[in-house]
file upload-v1.tsv (TSV, C-alpha atoms)
chain	number	residue	atom	x	y	z
A	200	MET	CA	128.50	104.85	61.46
A	201	GLU	CA	126.95	107.59	63.50
A	202	GLY	CA	127.02	108.54	67.14
A	203	THR	CA	128.75	110.97	69.41
A	204	LEU	CA	132.17	111.08	71.01
A	205	ASN	CA	130.37	111.14	74.37
A	206	VAL	CA	130.11	107.37	74.37
A	207	VAL	CA	133.85	107.02	73.69
A	208	GLY	CA	134.48	109.43	76.55
A	209	TYR	CA	132.23	107.36	78.77
A	210	GLY	CA	134.16	104.22	77.84
A	211	LEU	CA	137.43	105.90	78.81
A	212	SER	CA	135.98	107.20	82.07
A	213	ALA	CA	134.82	103.70	83.01
A	214	ILE	CA	138.41	102.41	83.12
A	215	GLY	CA	139.24	104.09	86.42
A	216	PRO	CA	136.18	102.91	88.38
A	217	GLY	CA	136.66	99.44	86.84
A	218	ILE	CA	140.15	99.20	88.26
A	219	GLY	CA	138.90	100.64	91.55
A	220	VAL	CA	136.11	98.06	91.91
A	221	GLY	CA	138.63	95.31	91.11
A	222	LEU	CA	141.00	96.53	93.82
A	223	ILE	CA	138.21	96.75	96.39
A	224	PHE	CA	137.04	93.18	95.82
A	225	ALA	CA	140.63	91.92	95.67
A	226	ALA	CA	141.20	93.39	99.11
A	227	TYR	CA	137.91	91.94	100.37
A	228	ILE	CA	138.77	88.43	99.09
A	229	ASN	CA	142.28	88.71	100.51
A	230	GLY	CA	140.98	89.75	103.89
A	231	THR	CA	138.40	86.98	104.01
A	232	ALA	CA	140.97	84.37	102.91
A	233	ARG	CA	143.38	85.40	105.64
A	234	GLN	CA	140.76	85.73	108.34
A	235	PRO	CA	137.44	84.02	107.53
A	236	GLU	CA	135.81	85.28	110.75
A	237	ALA	CA	136.24	88.89	109.58
A	238	ARG	CA	133.88	88.33	106.67
A	239	GLY	CA	130.87	89.88	108.37
A	240	ILE	CA	132.78	93.05	109.21
A	241	LEU	CA	134.38	93.35	105.79
A	242	GLN	CA	131.23	92.82	103.73
A	243	PRO	CA	129.46	96.17	104.33
A	244	ILE	CA	132.77	98.00	103.94
A	245	ALA	CA	133.46	96.22	100.64
A	246	PHE	CA	130.01	96.99	99.27
A	247	LEU	CA	130.24	100.60	100.44
A	248	GLY	CA	133.55	101.01	98.64
A	249	PHE	CA	132.12	99.27	95.60
A	250	ALA	CA	129.16	101.67	95.54
A	251	LEU	CA	131.39	104.73	95.88
A	252	ALA	CA	133.68	103.61	93.04
A	253	GLU	CA	130.77	102.55	90.86
A	254	ALA	CA	129.10	105.94	91.32
A	255	LEU	CA	131.93	107.56	89.35
A	256	ALA	CA	131.25	105.31	86.36
A	257	LEU	CA	127.55	106.10	86.57
A	258	PHE	CA	128.19	109.84	86.67
A	259	GLY	CA	130.07	109.30	83.42
A	260	LEU	CA	127.03	107.56	81.96
A	261	VAL	CA	124.75	110.42	82.99
A	262	LEU	CA	127.13	113.00	81.52
A	263	ALA	CA	127.32	111.00	78.27
A	264	PHE	CA	123.58	111.56	77.90
A	265	VAL	CA	123.39	115.10	79.21
A	266	LEU	CA	126.23	116.74	77.27
B	245	MET	CA	119.11	110.14	71.17
B	246	THR	CA	122.39	109.97	69.34
B	247	ALA	CA	124.47	108.67	72.23
B	248	LEU	CA	123.25	105.12	71.85
B	249	ALA	CA	122.94	105.16	68.09
B	250	LEU	CA	126.33	103.44	67.93
B	251	LEU	CA	124.68	100.31	69.21
B	252	SER	CA	122.31	100.17	66.28
B	253	THR	CA	124.63	100.61	63.34
B	254	GLU	CA	123.70	97.23	61.84
B	255	GLY	CA	119.96	97.77	61.48
B	256	GLU	CA	119.04	100.91	59.58
B	257	GLY	CA	115.47	101.01	60.84
B	258	PHE	CA	116.24	100.18	64.45
B	259	ASP	CA	115.29	102.93	66.83
B	260	ALA	CA	117.76	102.65	69.70
B	261	PRO	CA	116.21	103.19	73.15
B	262	GLY	CA	117.24	106.42	74.82
B	263	SER	CA	116.18	108.89	77.44
B	264	GLU	CA	112.93	109.62	75.57
B	265	ASP	CA	111.74	106.13	76.55
B	266	PHE	CA	111.51	107.41	80.11
B	267	GLU	CA	109.03	110.16	79.29
B	268	LEU	CA	105.72	108.41	79.77
B	269	PRO	CA	102.50	109.98	78.48
B	270	PRO	CA	100.02	111.10	81.15
B	271	LEU	CA	97.22	108.62	81.77
B	272	PHE	CA	94.68	111.14	83.04
B	273	THR	CA	94.51	114.57	84.64
B	274	ILE	CA	93.31	115.45	88.14
B	275	ALA	CA	92.86	119.16	88.92
B	276	GLY	CA	95.55	120.22	86.48
B	277	PHE	CA	98.06	117.56	87.57
B	278	GLU	CA	98.96	115.04	84.92
B	279	VAL	CA	99.01	111.57	86.44
B	280	THR	CA	101.47	109.18	84.81
B	281	LYS	CA	102.32	105.54	85.45
B	282	VAL	CA	105.17	106.70	87.68
B	283	THR	CA	102.80	108.59	89.99
B	284	LEU	CA	100.54	105.56	90.26
B	285	LEU	CA	103.53	103.31	91.02
B	286	VAL	CA	104.62	105.54	93.90
B	287	VAL	CA	101.11	105.52	95.36
B	288	ALA	CA	100.93	101.74	94.90
B	289	SER	CA	104.27	101.27	96.67
B	290	VAL	CA	103.09	103.30	99.67
B	291	ILE	CA	99.87	101.29	99.91
B	292	LEU	CA	101.78	98.02	99.48
B	293	ILE	CA	104.35	98.76	102.20
B	294	GLY	CA	101.71	100.14	104.56
B	295	ALA	CA	99.45	97.13	104.10
B	296	PHE	CA	102.32	94.66	104.55
B	297	PHE	CA	103.53	96.12	107.83
B	298	TYR	CA	99.99	96.73	109.11
B	299	LEU	CA	98.99	93.12	108.48
B	300	ALA	CA	102.29	91.81	109.86
B	301	ALA	CA	101.99	93.79	113.09
B	302	ARG	CA	98.21	93.53	113.59
B	303	ARG	CA	98.06	90.32	115.56
B	304	GLY	CA	101.35	90.21	117.39
B	305	SER	CA	101.71	86.87	119.12
B	306	LEU	CA	104.55	85.36	121.08
B	307	VAL	CA	104.94	82.58	118.55
B	308	PRO	CA	104.94	84.53	115.28
B	309	GLY	CA	102.95	83.39	112.27
B	310	ARG	CA	104.40	83.38	108.79
B	311	LEU	CA	103.49	86.99	107.98
B	312	GLN	CA	104.53	88.34	111.35
B	313	PHE	CA	107.85	86.52	111.04
B	314	ALA	CA	108.49	88.10	107.62
B	315	GLY	CA	107.61	91.57	108.89
B	316	GLU	CA	109.74	91.27	112.01
B	317	GLY	CA	112.66	89.86	110.05
B	318	ALA	CA	112.54	92.72	107.55
B	319	TYR	CA	112.29	95.31	110.32
B	320	SER	CA	114.99	93.89	112.55
B	321	PHE	CA	117.43	93.51	109.66
B	322	ILE	CA	117.40	97.28	109.14
B	323	ARG	CA	117.28	98.03	112.85
B	324	ASN	CA	120.29	95.88	113.70
B	325	GLN	CA	122.47	96.04	110.58
B	326	LEU	CA	121.91	99.64	109.52
B	327	GLY	CA	120.73	101.25	112.75
B	328	ARG	CA	122.41	99.83	115.85
B	329	ASP	CA	125.70	98.71	114.30
B	330	ILE	CA	126.35	102.04	112.59
B	331	ILE	CA	124.72	104.82	114.64
B	332	GLY	CA	125.48	103.14	117.97
B	333	SER	CA	123.21	101.73	120.66
B	334	ALA	CA	122.85	105.06	122.51
B	335	ASP	CA	120.60	106.93	120.06
B	336	PHE	CA	119.81	104.70	117.11
B	337	MET	CA	116.14	104.11	117.96
B	338	THR	CA	115.19	107.67	116.94
B	339	PHE	CA	116.26	106.97	113.37
B	340	VAL	CA	114.96	103.43	112.92
B	341	PRO	CA	111.51	104.52	111.57
B	342	PHE	CA	113.23	106.81	109.05
B	343	LEU	CA	115.70	104.15	107.91
B	344	VAL	CA	113.13	101.35	107.64
B	345	THR	CA	110.74	103.54	105.64
B	346	LEU	CA	113.53	104.76	103.39
B	347	PHE	CA	114.81	101.26	102.69
B	348	PHE	CA	111.45	99.72	101.84
B	349	PHE	CA	110.27	102.72	99.82
B	350	VAL	CA	113.39	102.62	97.65
B	351	LEU	CA	113.39	98.82	97.47
B	352	ILE	CA	109.77	98.43	96.34
B	353	ASN	CA	110.03	101.27	93.85
B	354	ASN	CA	113.21	99.76	92.40
B	355	ILE	CA	111.74	96.30	92.15
B	356	PHE	CA	108.82	97.70	90.11
B	357	GLY	CA	111.46	97.85	87.36
B	358	ILE	CA	111.42	94.09	86.84
B	359	VAL	CA	107.88	93.14	87.90
B	360	PRO	CA	106.13	91.93	84.72
B	361	LEU	CA	103.54	94.37	83.29
B	362	LEU	CA	104.69	97.23	85.54
B	363	GLN	CA	108.35	97.19	84.51
B	364	PHE	CA	109.31	100.73	85.23
B	365	PRO	CA	111.68	101.70	88.05
B	366	THR	CA	110.25	104.84	89.65
B	367	MET	CA	113.70	105.97	90.71
B	368	SER	CA	114.80	106.36	87.09
B	369	HIS	CA	113.06	109.75	87.22
B	370	ILE	CA	115.55	112.09	88.93
B	371	GLY	CA	112.83	113.86	90.95
B	372	PHE	CA	112.20	110.94	93.31
B	373	PRO	CA	115.81	110.17	94.33
B	374	ALA	CA	116.45	113.91	94.58
B	375	ALA	CA	113.59	114.33	97.05
B	376	LEU	CA	114.79	111.35	99.13
B	377	ALA	CA	118.37	112.62	99.13
B	378	GLY	CA	117.06	116.05	100.17
B	379	LEU	CA	115.24	114.41	103.07
B	380	SER	CA	118.42	112.64	104.13
B	381	PHE	CA	120.35	115.90	103.83
B	382	VAL	CA	117.89	117.73	106.09
B	383	VAL	CA	117.90	114.90	108.65
B	384	TYR	CA	121.65	114.52	109.11
B	385	ASN	CA	122.35	118.23	109.16
B	386	THR	CA	119.50	118.89	111.59
B	387	VAL	CA	120.60	116.23	114.07
B	388	GLY	CA	124.19	117.45	113.77
B	389	ILE	CA	123.23	121.07	114.47
B	390	ARG	CA	120.93	120.02	117.32
B	391	ARG	CA	123.60	117.88	118.94
B	392	HIS	CA	126.57	120.23	118.64
B	393	GLY	CA	125.06	123.66	117.99
B	394	PHE	CA	125.25	125.51	114.69
B	395	VAL	CA	128.77	126.92	115.07
B	396	ASN	CA	130.31	123.82	116.63
B	397	TYR	CA	128.82	121.49	114.03
B	398	PHE	CA	130.44	123.34	111.16
B	399	LYS	CA	133.64	123.94	113.14
B	400	ASP	CA	134.01	120.23	113.95
B	401	THR	CA	133.34	119.29	110.35
B	402	MET	CA	135.62	121.85	108.75
B	403	PHE	CA	138.50	121.68	111.23
B	404	PRO	CA	139.14	118.08	112.24
B	405	PRO	CA	141.89	117.90	114.88
B	406	GLY	CA	145.33	116.45	114.29
B	407	VAL	CA	145.92	118.03	110.90
B	408	PRO	CA	148.91	120.29	110.14
B	409	LYS	CA	147.77	123.95	109.95
B	410	PRO	CA	148.54	124.70	106.25
B	411	VAL	CA	146.48	121.68	105.14
B	412	TYR	CA	143.29	123.37	106.44
B	413	VAL	CA	143.44	125.74	103.46
B	414	ILE	CA	142.57	122.84	101.19
B	415	LEU	CA	140.78	120.56	103.64
B	416	SER	CA	138.18	122.95	105.09
B	417	PRO	CA	136.52	123.98	101.79
B	418	ILE	CA	136.44	120.33	100.71
B	419	GLU	CA	134.82	119.24	103.97
B	420	LEU	CA	132.24	122.01	103.74
B	421	MET	CA	131.48	121.12	100.11
B	422	THR	CA	131.13	117.47	101.15
B	423	ILE	CA	128.41	118.00	103.74
B	424	LEU	CA	126.53	120.68	101.79
B	425	PHE	CA	126.74	119.57	98.15
B	426	THR	CA	128.60	116.37	97.38
B	427	ARG	CA	126.73	114.07	99.76
B	428	PRO	CA	123.14	114.82	98.67
B	429	LEU	CA	124.22	115.08	95.04
B	430	THR	CA	125.97	111.69	94.95
B	431	LEU	CA	123.18	110.08	96.98
B	432	ALA	CA	120.56	111.15	94.43
B	433	LEU	CA	122.66	110.60	91.32
B	434	ARG	CA	123.84	107.13	92.33
B	435	LEU	CA	120.34	105.76	92.74
B	436	PHE	CA	119.02	107.58	89.67
B	437	ALA	CA	121.88	106.53	87.38
B	438	ASN	CA	121.75	102.90	88.49
B	439	MET	CA	118.05	102.60	87.79
B	440	PHE	CA	118.28	104.59	84.55
B	441	ALA	CA	121.18	102.54	83.21
B	442	GLY	CA	119.60	99.25	84.30
B	443	HIS	CA	116.29	99.98	82.61
B	444	LEU	CA	118.07	101.13	79.45
B	445	LEU	CA	120.15	97.94	79.42
B	446	LEU	CA	117.03	95.79	79.55
B	447	LEU	CA	115.38	97.89	76.82
B	448	VAL	CA	118.39	97.46	74.54
B	449	PHE	CA	118.29	93.67	74.80
B	450	ILE	CA	114.52	93.19	74.63
B	451	LEU	CA	113.84	95.76	71.89
B	452	GLY	CA	116.95	94.65	70.02
B	453	GLY	CA	115.78	91.03	70.18
B	454	GLU	CA	112.35	92.05	68.95
B	455	TYR	CA	113.84	93.94	66.03
B	456	MET	CA	116.10	91.02	65.09
B	457	LEU	CA	113.13	88.66	65.17
B	458	GLN	CA	111.12	90.89	62.87
B	459	SER	CA	113.93	91.59	60.42
B	460	GLY	CA	114.05	87.88	59.56
B	461	GLY	CA	116.89	85.83	58.09
B	462	PHE	CA	120.03	85.16	60.07
B	463	ALA	CA	119.24	87.82	62.67
B	464	ALA	CA	115.97	86.09	63.55
B	465	ILE	CA	117.87	82.87	64.40
B	466	LEU	CA	120.09	84.82	66.78
B	467	SER	CA	117.28	86.77	68.45
B	468	PRO	CA	116.60	84.13	71.17
B	469	PHE	CA	120.10	84.84	72.47
B	470	ALA	CA	119.17	88.49	72.88
B	471	PHE	CA	115.98	87.56	74.74
B	472	GLY	CA	117.85	85.02	76.86
B	473	PHE	CA	120.42	87.61	77.80
B	474	GLY	CA	117.58	89.98	78.61
B	475	VAL	CA	116.23	87.44	81.11
B	476	VAL	CA	119.68	86.92	82.66
B	477	LEU	CA	120.13	90.68	82.98
B	478	THR	CA	116.71	90.95	84.63
B	479	PHE	CA	118.02	88.80	87.49
B	480	PHE	CA	121.19	90.89	87.56
B	481	GLU	CA	118.96	93.96	87.84
B	482	LEU	CA	117.23	92.42	90.86
B	483	LEU	CA	120.63	92.18	92.55
B	484	VAL	CA	121.47	95.79	91.66
B	485	GLN	CA	118.08	97.06	92.84
B	486	VAL	CA	118.33	95.42	96.25
B	487	LEU	CA	121.95	96.54	96.57
B	488	GLN	CA	121.11	100.15	95.71
B	489	ALA	CA	118.28	100.28	98.25
B	490	TYR	CA	120.70	98.89	100.85
B	491	ILE	CA	123.45	101.35	99.92
B	492	PHE	CA	121.11	104.35	99.96
B	493	THR	CA	120.02	103.48	103.50
B	494	LEU	CA	123.55	102.55	104.58
B	495	LEU	CA	124.94	105.90	103.43
B	496	SER	CA	122.08	107.86	105.06
B	497	SER	CA	122.79	105.99	108.28
B	498	LEU	CA	126.54	106.65	108.01
B	499	TYR	CA	125.93	110.38	107.47
B	500	ILE	CA	123.67	110.53	110.54
B	501	ALA	CA	126.30	108.65	112.56
B	502	GLY	CA	128.97	111.09	111.35
B	503	ALA	CA	126.87	114.10	112.31
B	504	LEU	CA	126.23	112.70	115.79
B	505	ALA	CA	129.84	111.69	116.49
B	506	GLU	CA	131.80	113.77	118.98
B	507	GLU	CA	135.00	113.98	116.99
B	508	HIS	CA	134.77	114.23	113.24
call {"tool": "encode", "arguments": {"input": "upload-v1.tsv", "output": "structure tokens"}}
result
Amino acid sequence: MEGTLNVVGYGLSAIGPGIGVGLIFAAYINGTARQPEARGILQPIAFLGFALAEALALFGLVLAFVL
Amino acid sequence: MTALALLSTEGEGFDAPGSEDFELPPLFTIAGFEVTKVTLLVVASVILIGAFFYLAARRGSLVPGRLQFAGEGAYSFIRNQLGRDIIGSADFMTFVPFLVTLFFFVLINNIFGIVPLLQFPTMSHIGFPAALAGLSFVVYNTVGIRRHGFVNYFKDTMFPPGVPKPVYVILSPIELMTILFTRPLTLALRLFANMFAGHLLLLVFILGGEYMLQSGGFAAILSPFAFGFGVVLTFFELLVQVLQAYIFTLLSSLYIAGALAEEH
């Protein structure tokens, strides 16, 4: 076995954004289920939130390579 | 690259793909500039987008043909969804050319990542997203300063009303950092990291499948699964690439809207 601890660190840092993305889509599904007409308004907001949360995981990936 | 070596512990001779796979050798040299595949892809994308919109808009008729319909649909999607709905109907038209160009430039360059034979996303080189994010940064700060004046723009951003006085000690530096550093940095890094990670993911599955096929025995029987997964992930990449182009433009539009707004 060889490798660096960076990848383990990246795995740990991906937990938070993973939970965050789950919460965002849970809220989006909830909102759409309660009010189907609101889907069009909720969609860009959901994807924006998804992108912001996902960015944190990707920063972790970049740092795993850089450090 | 040792970071991904963990993935290749089974095969001793397997060279795991890493960041060195992104350093392409120069194809030829023009006046001291080394021209790589990435440079050619950027030039190709500009020609492609220019030709598409030129041909779509050349013979504008009341009943649109197939090409004109495609061009108008692509344009009006950005204009309505990302321009009018976010910036507001008063002054969104000024920014529509910027947003449309930005979206299609990022989109075409991303999609190069999964087009057979080309298969290299331009945006996985940090220089290109950094330049685009820098452009966005200049645009939203310039329109903000023009609209509100230099002092007022920073005052509105750093001191939003309706906040208890002591909170400003923490809030104001954060707000200043946001408009000057965090926004362009995250804009560039998000696009770069998505394309970098996506390309690496495809490399792992395709090169891994190739290695398994060549090593023979039990691994060779399993290698079609690796290739199959590579194909599935290629379609997943298409989704990510379109989404990232959309998000890059959406965020640029949101930042412009924020800079133009009266109350921050």
call {"tool": "interface_residues", "arguments": {"input": "upload-v1.tsv", "of": "chain A", "to": "chain B", "cutoff": "10 Å", "atoms": "all atoms listed in the file", "output": "PyMOL selection string"}}
result
chain A and resi 200-207+243+246-247+249-251+253-261+263-266
call {"tool": "atom_distance", "arguments": {"input": "upload-v1.tsv", "atom1": "atom CA of Ser416 of chain B", "atom2": "atom CA of Gly502 of chain B"}}
result
16.3 Å
call {"tool": "residues_near_point", "arguments": {"input": "upload-v1.tsv", "point": "(116.7, 101.9, 101.1)", "cutoff": "10 Å", "atoms": "only C-alpha atoms", "output": "VMD selection string"}}
result
chain B and resid 322 342 to 354 376 435 485 to 496
call {"tool": "atom_distance", "arguments": {"input": "upload-v1.tsv", "atom1": "atom CA of Leu211 of chain A", "atom2": "atom CA of Leu262 of chain A"}}
result
12.8 Å
call {"tool": "residues_around", "arguments": {"input": "upload-v1.tsv", "residues": "Arg238 of chain A", "least_positions_apart": "5", "cutoff": "12 Å", "atoms": "only C-alpha atoms", "output": "count of residues only"}}
result
11
call {"tool": "residues_around", "arguments": {"input": "upload-v1.tsv", "residues": "Glu316 of chain B", "least_positions_apart": "6", "cutoff": "9 Å", "atoms": "all atoms listed in the file", "output": "PDB file with C-alpha atoms, in the frame of the given file"}}
result
ATOM      1  CA  PHE B 297     103.530  96.120 107.830  1.00  0.00           C
ATOM      2  CA  ALA B 300     102.290  91.810 109.860  1.00  0.00           C
ATOM      3  CA  ALA B 301     101.990  93.790 113.090  1.00  0.00           C
ATOM      4  CA  PRO B 308     104.940  84.530 115.280  1.00  0.00           C
TER       5      PRO B 308
END
call {"tool": "closest_residue", "arguments": {"input": "upload-v1.tsv", "among": "B:Ala260, B:Gly357, B:Ala295, B:Ser497", "to": "Leu483 of chain B", "atoms": "only C-alpha atoms"}}
result
B:Gly357
call {"tool": "atom_distance", "arguments": {"input": "upload-v1.tsv", "atom1": "atom CA of Tyr455 of chain B", "atom2": "atom CA of Phe473 of chain B"}}
result
14.9 Å
call {"tool": "residues_around", "arguments": {"input": "upload-v1.tsv", "residues": "Tyr384 of chain B", "least_positions_apart": "5", "cutoff": "7 Å", "atoms": "only C-alpha atoms", "output": "ChimeraX atom specification"}}
result
/B:499-500,503
call {"tool": "residues_around", "arguments": {"input": "upload-v1.tsv", "residues": "Thr478 of chain B", "least_positions_apart": "3", "cutoff": "9 Å", "atoms": "all atoms listed in the file", "output": "list in words"}}
result
Ile358, Gly442, Leu446, Phe473, Gly474, Val475, Glu481, Leu482 and Leu483 of chain B
call {"tool": "closest_residue", "arguments": {"input": "upload-v1.tsv", "among": "B:Ile423, B:Leu444, B:Val286, B:Leu268", "to": "Val382 of chain B", "atoms": "all atoms listed in the file"}}
result
B:Ile423
call {"tool": "residues_around", "arguments": {"input": "upload-v1.tsv", "residues": "Arg328 of chain B", "least_positions_apart": "5", "cutoff": "10 Å", "atoms": "all atoms listed in the file", "output": "NGL selection string"}}
result
:B and (322-323 or 333-337 or 339-340 or 497)
call {"tool": "build_atoms", "arguments": {"input": "upload-v1.tsv", "residues": "segment 213-227 of chain A", "atoms": "N, CA and C atoms", "output": "tab-separated table (two decimals), in the coordinates of the input"}}
result
chain	number	residue	atom	x	y	z
A	213	ALA	N	135.19	104.91	82.26
A	213	ALA	CA	134.82	103.70	83.01
A	213	ALA	C	136.04	102.88	83.40
A	214	ILE	N	137.21	103.19	82.81
A	214	ILE	CA	138.41	102.41	83.12
A	214	ILE	C	138.79	102.56	84.59
A	215	GLY	N	138.83	103.82	85.04
A	215	GLY	CA	139.24	104.09	86.42
A	215	GLY	C	138.38	103.38	87.44
A	216	PRO	N	137.05	103.62	87.44
A	216	PRO	CA	136.18	102.91	88.38
A	216	PRO	C	136.29	101.39	88.25
A	217	GLY	N	136.51	100.89	87.02
A	217	GLY	CA	136.66	99.44	86.84
A	217	GLY	C	137.83	98.91	87.63
A	218	ILE	N	138.96	99.61	87.50
A	218	ILE	CA	140.15	99.20	88.26
A	218	ILE	C	139.89	99.31	89.76
A	219	GLY	N	139.19	100.42	90.13
A	219	GLY	CA	138.90	100.64	91.55
A	219	GLY	C	138.06	99.53	92.14
A	220	VAL	N	136.99	99.13	91.43
A	220	VAL	CA	136.11	98.06	91.91
A	220	VAL	C	136.90	96.76	92.03
A	221	GLY	N	137.79	96.50	91.05
A	221	GLY	CA	138.63	95.31	91.11
A	221	GLY	C	139.51	95.30	92.34
A	222	LEU	N	140.12	96.45	92.64
A	222	LEU	CA	141.00	96.53	93.82
A	222	LEU	C	140.23	96.30	95.11
A	223	ILE	N	139.01	96.88	95.17
A	223	ILE	CA	138.21	96.75	96.39
A	223	ILE	C	137.87	95.28	96.65
A	224	PHE	N	137.42	94.58	95.60
A	224	PHE	CA	137.04	93.18	95.82
A	224	PHE	C	138.26	92.31	96.03
A	225	ALA	N	139.39	92.67	95.41
A	225	ALA	CA	140.63	91.92	95.67
A	225	ALA	C	140.99	92.01	97.14
A	226	ALA	N	140.88	93.22	97.70
A	226	ALA	CA	141.20	93.39	99.11
A	226	ALA	C	140.22	92.63	100.00
A	227	TYR	N	138.95	92.64	99.60
A	227	TYR	CA	137.91	91.94	100.37
A	227	TYR	C	138.18	90.43	100.36
